[in-house]
Amino acid sequence: MTDHYDVLVVGAGPAGLAAATAAASHGARVGLIDAQATAGGQVWRHDVEHGDTALARRNVAAALEHPGVTWLAQTRVVGVEAGALLVEDPKNARWLRYRALILATGARELLLPFPGWTLPGVTGAGGLQALVKQGWPLRGRRVVIAGSGPLLLAAAVTARRHGAQVLGIYEQASADNIQRFARSLWRWPGKAAQAVGMRAQLVGAPYRCGSVVRRAFGETHIQSIEVDGPRGLEQIACDHLAVGYGLLPNVELAQLLGCDLQLVGVHPRVSTDAQQRTSVEGIYATGELCGIGGRDSARFEGAIAGHAAVGDDAHVARLQRHRQHARRFAELLDRHFALDPRVHALAEPDTLICRCEDVPLSALDGYTDARSAKLATRCGMGACQGRICGSALAELARFPRNGSRPPLFPARLSTLGSDPSSVR
Amino acid sequence: MSALILIQVNGCDVEVPAGTSVAAAIARLELPFRRSVRGQWRAPLCGMGVCFECRVHIDGVAQQRACMVPVREGMQVSTDD
Ligand code: FES
């Protein structure tokens, strides 16, 4: 089965929704796909208990209710060909052909190994938000939020709204850096207001800077953690630890399509020009994929790509100023939330690095590239295909992540048999 | 409040609002998710389809990511034991 679109958008978060809406406003036939069951991405993920914010509802409706947009939920990309993507939904596989492709695959969390991080009850910070919004029970549970970045506050607010007892928020960045960050926020009044609003909702939950969770204890579930902060080591009994060290662009699909990447520190992002064009003709990249900048830059870049993909250069030019302003916020994040070397030294020789294949750190000693480590130890060979351990090892300065090979995610065998020649 | 959906996890009934993920339904029963290759208990880590720690059987199909699948009436889920 093959479907044809003028513009195909991958990812239905703020960037993808804006891209689909912009392209459809010119009369283009737009396909919008996402692996999740509902649109909104991570930021605007539907909250089963509390519903959606007005902003999320408006943006989701603008794209999904547009007659020119075909919404394909629970659809993931498992292969690529020139001008077409092989996708799979819970029932079928098919080829989607496009004239222009807009990538809005967003970001995932940087999850770093420490003793005890494989215990049930330890999740990412954004991970906790995602789980809770889909009904994960937190009422009355003692939750600690830790790691780095503005996402920690958002995760704490979500946890509390769902009845959790938030014991504290432990940010690894120093108090000086956080104060400097807060003082620069006035240039983004929307974000400053958001930050103040979140703090107000978190009255009573301590926010501690310069603090790192060193280990989690428990037998079959987390029972307590040890935090290293300015006041020394502290043990905290808890039912849940949500810890994330910031966000990383999901570049796998762009990489498979041959788009040029660029390293920010040790992690790749997709390079684009001001029109969001990648190095591959007809393929655009937007939002977090081009570097972590948050919701606003995602929305502007999505709209720019949507207009550019159908040739509306005037509209693209008008959005440039907004894009640049929003992007400067990304630089601020990089500067003030840079990771403390302590965070890189948490894993011990027997700490599992590859959670799919249970490979400890010590097994990786002596390897200088991901490929030979994988062949010898199976590290990165499991179901997540190195998305967690590969990024962690790059961050720990062991070796860079390997390129993606098809299929992007484990696919059904019947899908892999689909004949690409049928789309030509 | 949204409609309630009844599913079974390891043979136990659990009723949750529509839109709830299979992962959240399992958590309500306080059940573990899967055993790792070395036999350790694991549960969801990323919540967004990346880590594959939440894999369970859903309606007879193995290796389904529970965090990516919303509950459907009558669904049969089983976790590792
Ligand atoms: S919790 Fe990570 S894939 Fe489901």
# chains A, B, ... in the order shown; residues from 1 in each chain; ligands from 1
call {"tool": "residues_near_ligand", "arguments": {"ligand": "ligand 1", "cutoff": "6 Å", "atoms": "only C-alpha atoms and all ligand atoms", "output": "JSON list (two decimals) with C-alpha atoms, in the first residue's frame"}}
result
[["chain", "number", "residue", "atom", "x", "y", "z"],
["B", 44, "PRO", "CA", 9.69, 1.84, 32.69],
["B", 45, "LEU", "CA", 12.57, 4.31, 32.53],
["B", 46, "CYS", "CA", 11.96, 6.77, 29.70],
["B", 47, "GLY", "CA", 8.16, 6.77, 29.48],
["B", 48, "MET", "CA", 8.34, 7.67, 25.81],
["B", 49, "GLY", "CA", 9.18, 4.60, 23.77],
["B", 50, "VAL", "CA", 12.97, 4.88, 23.75],
["B", 51, "CYS", "CA", 14.38, 2.51, 26.39],
["B", 52, "PHE", "CA", 12.32, -0.67, 25.88],
["B", 53, "GLU", "CA", 12.37, -1.40, 29.64],
["B", 54, "CYS", "CA", 8.56, -1.60, 29.73],
["B", 65, "ARG", "CA", 6.24, -1.30, 24.82],
["B", 66, "ALA", "CA", 3.61, -0.77, 27.51],
["B", 67, "CYS", "CA", 4.28, 2.98, 27.66]]
call {"tool": "interface_residues", "arguments": {"of": "chain A", "to": "chain B", "cutoff": "8 Å", "atoms": "only C-alpha atoms", "output": "compact mmCIF listing (two decimals) with all heavy atoms, in the first residue's frame"}}
result
# COMPACT_ATOMS: atom_id res chain seq x y z
N ALA A 35 4.63 8.32 16.47
CA ALA A 35 4.62 6.98 17.07
C ALA A 35 3.63 6.90 18.24
O ALA A 35 3.18 5.82 18.61
CB ALA A 35 6.03 6.63 17.55
N GLN A 36 3.30 8.06 18.82
CA GLN A 36 2.38 8.07 19.96
C GLN A 36 0.93 7.98 19.47
O GLN A 36 0.64 8.24 18.31
CB GLN A 36 2.54 9.36 20.77
CG GLN A 36 3.94 9.62 21.26
CD GLN A 36 4.33 8.74 22.45
OE1 GLN A 36 3.47 8.23 23.16
NE2 GLN A 36 5.62 8.58 22.66
N ALA A 37 0.04 7.64 20.41
CA ALA A 37 -1.37 7.51 20.07
C ALA A 37 -2.07 8.87 19.97
O ALA A 37 -3.07 9.02 19.28
CB ALA A 37 -2.08 6.64 21.11
N VAL A 48 -4.35 12.42 31.01
CA VAL A 48 -5.61 11.67 31.13
C VAL A 48 -6.47 12.22 32.27
O VAL A 48 -7.69 12.29 32.17
CB VAL A 48 -5.33 10.17 31.37
CG1 VAL A 48 -6.61 9.40 31.61
CG2 VAL A 48 -4.59 9.59 30.19
N GLU A 49 -5.83 12.65 33.36
CA GLU A 49 -6.60 13.10 34.51
C GLU A 49 -6.97 14.58 34.41
O GLU A 49 -8.07 14.98 34.79
CB GLU A 49 -5.79 12.86 35.79
CG GLU A 49 -6.61 13.01 37.06
CD GLU A 49 -5.78 12.73 38.31
OE1 GLU A 49 -4.84 11.91 38.25
OE2 GLU A 49 -6.07 13.35 39.35
N ARG A 108 14.89 13.24 23.25
CA ARG A 108 14.71 12.29 24.35
C ARG A 108 15.57 12.79 25.50
O ARG A 108 16.31 13.75 25.35
CB ARG A 108 15.11 10.90 23.91
CG ARG A 108 16.57 10.79 23.47
CD ARG A 108 16.97 9.34 23.32
NE ARG A 108 18.27 9.18 22.70
CZ ARG A 108 18.47 9.01 21.40
NH1 ARG A 108 17.43 9.02 20.57
NH2 ARG A 108 19.67 8.83 20.92
N GLU A 109 15.47 12.09 26.64
CA GLU A 109 16.25 12.53 27.78
C GLU A 109 17.64 11.93 27.76
O GLU A 109 17.82 10.78 27.34
CB GLU A 109 15.56 12.09 29.07
CG GLU A 109 14.78 13.19 29.70
CD GLU A 109 14.16 12.74 30.99
OE1 GLU A 109 13.31 11.85 30.98
OE2 GLU A 109 14.53 13.31 32.01
N THR A 118 19.00 0.99 37.60
CA THR A 118 18.13 0.02 36.92
C THR A 118 16.96 -0.43 37.82
O THR A 118 16.11 -1.18 37.37
CB THR A 118 18.93 -1.23 36.52
OG1 THR A 118 19.63 -1.70 37.68
CG2 THR A 118 19.93 -0.92 35.42
N LEU A 119 16.91 0.04 39.06
CA LEU A 119 15.84 -0.38 39.96
C LEU A 119 14.48 0.15 39.48
O LEU A 119 14.38 1.32 39.09
CB LEU A 119 16.08 0.17 41.37
CG LEU A 119 17.08 -0.55 42.25
CD1 LEU A 119 17.37 0.30 43.50
CD2 LEU A 119 16.53 -1.92 42.65
N PRO A 120 13.45 -0.69 39.55
CA PRO A 120 12.11 -0.16 39.32
C PRO A 120 11.84 0.99 40.30
O PRO A 120 12.24 0.92 41.46
CB PRO A 120 11.21 -1.37 39.60
CG PRO A 120 12.05 -2.54 39.20
CD PRO A 120 13.45 -2.17 39.66
N GLY A 121 11.18 2.04 39.80
CA GLY A 121 10.96 3.23 40.62
C GLY A 121 11.95 4.34 40.29
O GLY A 121 11.83 5.45 40.79
N VAL A 122 12.92 4.04 39.42
CA VAL A 122 13.81 5.09 38.91
C VAL A 122 13.42 5.34 37.46
O VAL A 122 13.42 4.41 36.65
CB VAL A 122 15.30 4.66 38.97
CG1 VAL A 122 16.19 5.77 38.41
CG2 VAL A 122 15.71 4.31 40.39
N THR A 123 13.06 6.58 37.15
CA THR A 123 12.72 6.94 35.77
C THR A 123 13.43 8.23 35.40
O THR A 123 14.05 8.86 36.25
CB THR A 123 11.20 7.20 35.60
OG1 THR A 123 10.86 8.35 36.39
CG2 THR A 123 10.36 6.01 36.04
N GLY A 124 13.29 8.61 34.14
CA GLY A 124 13.74 9.94 33.74
C GLY A 124 12.82 10.98 34.37
O GLY A 124 11.77 10.63 34.92
N GLY A 126 11.61 13.77 32.57
CA GLY A 126 10.59 13.87 31.52
C GLY A 126 9.84 12.54 31.44
O GLY A 126 8.65 12.50 31.14
N GLY A 127 10.56 11.46 31.72
CA GLY A 127 9.95 10.13 31.72
C GLY A 127 8.82 10.05 32.73
O GLY A 127 7.74 9.53 32.43
N LEU A 128 9.05 10.58 33.92
CA LEU A 128 8.00 10.56 34.94
C LEU A 128 6.79 11.36 34.46
O LEU A 128 5.64 10.91 34.57
CB LEU A 128 8.51 11.16 36.25
CG LEU A 128 7.43 11.26 37.34
CD1 LEU A 128 6.97 9.87 37.77
CD2 LEU A 128 7.91 12.05 38.54
N GLN A 129 7.06 12.53 33.87
CA GLN A 129 5.95 13.35 33.36
C GLN A 129 5.11 12.58 32.35
O GLN A 129 3.89 12.59 32.40
CB GLN A 129 6.52 14.57 32.64
CG GLN A 129 6.63 15.79 33.49
CD GLN A 129 6.82 17.00 32.60
OE1 GLN A 129 7.72 17.02 31.77
NE2 GLN A 129 5.99 18.01 32.77
N ALA A 130 5.82 11.93 31.42
CA ALA A 130 5.12 11.19 30.37
C ALA A 130 4.28 10.07 30.97
O ALA A 130 3.12 9.88 30.61
CB ALA A 130 6.13 10.63 29.37
N LEU A 131 4.86 9.34 31.92
CA LEU A 131 4.14 8.22 32.53
C LEU A 131 2.92 8.70 33.31
O LEU A 131 1.83 8.14 33.21
CB LEU A 131 5.09 7.44 33.45
CG LEU A 131 6.20 6.65 32.75
CD1 LEU A 131 7.29 6.25 33.73
CD2 LEU A 131 5.62 5.42 32.04
N VAL A 132 3.13 9.76 34.09
CA VAL A 132 2.07 10.26 34.96
C VAL A 132 0.89 10.81 34.16
O VAL A 132 -0.27 10.60 34.50
CB VAL A 132 2.65 11.35 35.89
CG1 VAL A 132 1.55 12.13 36.57
CG2 VAL A 132 3.54 10.69 36.92
N GLN A 134 -0.14 9.77 31.52
CA GLN A 134 -0.91 8.65 30.99
C GLN A 134 -1.44 7.76 32.10
O GLN A 134 -1.75 6.60 31.86
CB GLN A 134 -0.03 7.82 30.06
CG GLN A 134 0.39 8.59 28.84
CD GLN A 134 1.20 7.71 27.91
OE1 GLN A 134 0.67 7.12 26.98
NE2 GLN A 134 2.47 7.58 28.19
N GLY A 135 -1.51 8.30 33.32
CA GLY A 135 -2.21 7.59 34.38
C GLY A 135 -1.35 6.83 35.37
O GLY A 135 -1.88 6.10 36.22
N TRP A 136 -0.03 6.95 35.31
CA TRP A 136 0.84 6.26 36.27
C TRP A 136 0.50 6.79 37.67
O TRP A 136 0.50 7.99 37.90
CB TRP A 136 2.30 6.57 35.94
CG TRP A 136 3.30 5.79 36.71
CD1 TRP A 136 3.79 6.09 37.95
CD2 TRP A 136 3.96 4.58 36.31
NE1 TRP A 136 4.71 5.15 38.34
CE2 TRP A 136 4.84 4.21 37.36
CE3 TRP A 136 3.89 3.77 35.16
CZ2 TRP A 136 5.63 3.07 37.29
CZ3 TRP A 136 4.68 2.64 35.11
CH2 TRP A 136 5.54 2.29 36.15
N PRO A 137 0.24 5.88 38.63
CA PRO A 137 -0.23 6.34 39.94
C PRO A 137 0.89 6.93 40.80
O PRO A 137 1.92 6.30 41.00
CB PRO A 137 -0.77 5.05 40.58
CG PRO A 137 -0.01 3.95 39.90
CD PRO A 137 0.33 4.42 38.52
N THR A 220 13.99 -4.94 45.14
CA THR A 220 13.25 -5.09 43.89
C THR A 220 12.60 -3.78 43.49
O THR A 220 11.98 -3.68 42.44
CB THR A 220 12.16 -6.16 44.02
OG1 THR A 220 11.36 -5.81 45.16
CG2 THR A 220 12.76 -7.53 44.21
N ARG A 355 21.37 -1.51 29.45
CA ARG A 355 20.29 -2.12 30.23
C ARG A 355 19.60 -3.23 29.45
O ARG A 355 18.95 -4.08 30.05
CB ARG A 355 19.27 -1.06 30.64
CG ARG A 355 19.89 0.08 31.41
CD ARG A 355 18.90 1.21 31.63
NE ARG A 355 17.71 0.79 32.30
CZ ARG A 355 17.26 1.31 33.45
NH1 ARG A 355 17.93 2.28 34.05
NH2 ARG A 355 16.14 0.89 33.97
N CYS A 356 19.70 -3.20 28.13
CA CYS A 356 19.07 -4.26 27.33
C CYS A 356 19.85 -5.56 27.45
O CYS A 356 19.28 -6.64 27.51
CB CYS A 356 19.02 -3.85 25.86
SG CYS A 356 18.01 -2.42 25.51
N GLU A 357 21.18 -5.47 27.49
CA GLU A 357 22.01 -6.67 27.50
C GLU A 357 22.76 -6.85 28.82
O GLU A 357 23.61 -7.73 28.94
CB GLU A 357 23.02 -6.62 26.33
CG GLU A 357 22.36 -6.61 24.96
CD GLU A 357 21.71 -7.95 24.59
OE1 GLU A 357 22.08 -8.98 25.18
OE2 GLU A 357 20.82 -7.94 23.72
N ASP A 358 22.49 -6.00 29.80
CA ASP A 358 23.12 -6.07 31.12
C ASP A 358 24.65 -6.08 31.05
O ASP A 358 25.32 -6.96 31.60
CB ASP A 358 22.63 -7.32 31.89
CG ASP A 358 21.22 -7.13 32.42
OD1 ASP A 358 20.65 -6.04 32.24
OD2 ASP A 358 20.68 -8.08 33.03
N ALA A 383 17.23 -4.12 22.29
CA ALA A 383 16.05 -3.55 21.64
C ALA A 383 16.12 -2.03 21.46
O ALA A 383 15.62 -1.50 20.49
CB ALA A 383 14.81 -3.92 22.44
N CYS A 384 16.74 -1.32 22.39
CA CYS A 384 16.75 0.15 22.25
C CYS A 384 17.82 0.59 21.26
O CYS A 384 17.93 1.77 20.94
CB CYS A 384 16.91 0.84 23.60
SG CYS A 384 18.61 1.23 24.08
N ARG A 387 20.16 3.55 22.05
CA ARG A 387 19.69 4.92 22.27
C ARG A 387 20.00 5.41 23.68
O ARG A 387 20.27 6.59 23.89
CB ARG A 387 18.18 5.02 22.03
CG ARG A 387 17.83 5.10 20.55
CD ARG A 387 16.32 5.06 20.38
NE ARG A 387 15.91 5.28 19.01
CZ ARG A 387 15.97 4.37 18.05
NH1 ARG A 387 16.42 3.16 18.33
NH2 ARG A 387 15.58 4.64 16.83
N ILE A 388 19.94 4.50 24.66
CA ILE A 388 20.23 4.91 26.04
C ILE A 388 21.74 4.80 26.31
O ILE A 388 22.40 5.78 26.63
CB ILE A 388 19.45 4.04 27.06
CG1 ILE A 388 17.94 4.10 26.77
CG2 ILE A 388 19.77 4.48 28.49
CD1 ILE A 388 17.27 5.42 26.99
call {"tool": "atom_distance", "arguments": {"atom1": "CA of Ala326 (chain A)", "atom2": "CA of Pro14 (chain A)"}}
result
13.7 Å
call {"tool": "residues_around", "arguments": {"residues": "Gly294 (chain A)", "least_positions_apart": "6", "cutoff": "8 Å", "atoms": "only C-alpha atoms", "output": "PyMOL selection string"}}
result
chain A and resi 287-288+330
call {"tool": "write_last_selection", "arguments": {"atoms": "N, CA and C atoms", "output": "mmCIF file, in the first residue's frame"}}
result
data_model
loop_
_atom_site.group_PDB
_atom_site.id
_atom_site.type_symbol
_atom_site.label_atom_id
_atom_site.label_comp_id
_atom_site.auth_asym_id
_atom_site.auth_seq_id
_atom_site.Cartn_x
_atom_site.Cartn_y
_atom_site.Cartn_z
ATOM 1 N N GLY A 287 12.926 22.230 15.136
ATOM 2 C CA GLY A 287 12.748 22.061 16.577
ATOM 3 C C GLY A 287 13.931 21.420 17.275
ATOM 4 N N GLU A 288 13.649 20.605 18.283
ATOM 5 C CA GLU A 288 14.692 20.034 19.147
ATOM 6 C C GLU A 288 15.733 19.244 18.357
ATOM 7 N N ALA A 330 18.390 28.740 23.641
ATOM 8 C CA ALA A 330 19.089 27.452 23.647
ATOM 9 C C ALA A 330 20.532 27.619 24.114
#
call {"tool": "residues_around", "arguments": {"residues": "Val243 (chain A)", "least_positions_apart": "3", "cutoff": "6 Å", "atoms": "only C-alpha atoms", "output": "ChimeraX atom specification"}}
result
/A:124-125,145-147
call {"tool": "closest_residue", "arguments": {"among": "A:Arg412, A:Ile33, A:Lys91, A:Thr286", "to": "Ala62 (chain B)", "atoms": "only C-alpha atoms"}}
result
A:Arg412
call {"tool": "select_by_dssp", "arguments": {"residues": "region 177-396 of chain A", "states": "strand (DSSP E)", "output": "count of residues only"}}
result
47
call {"tool": "atom_distance", "arguments": {"atom1": "CA of Leu202 (chain A)", "atom2": "CA of Leu153 (chain A)"}}
result
8.3 Å
call {"tool": "closest_residue", "arguments": {"among": "B:His57, B:Leu6, B:Gln64, B:Arg34", "to": "Val77 (chain B)", "atoms": "only C-alpha atoms"}}
result
B:His57
call {"tool": "closest_residue", "arguments": {"among": "A:Arg269, A:His240, A:Arg398, A:His315", "to": "Ala254 (chain A)", "atoms": "only C-alpha atoms"}}
result
A:Arg269
call {"tool": "atom_distance", "arguments": {"atom1": "CA of Ala56 (chain A)", "atom2": "CA of His336 (chain A)"}}
result
28.1 Å
call {"tool": "select_by_dssp", "arguments": {"residues": "chain B", "states": "alpha helix (DSSP H)", "output": "ChimeraX atom specification"}}
result
/B:22-28
call {"tool": "residues_around", "arguments": {"residues": "Ser78 (chain B)", "least_positions_apart": "3", "cutoff": "8 Å", "atoms": "only C-alpha atoms", "output": "number ranges by chain"}}
result
B: 9-11, 56-58
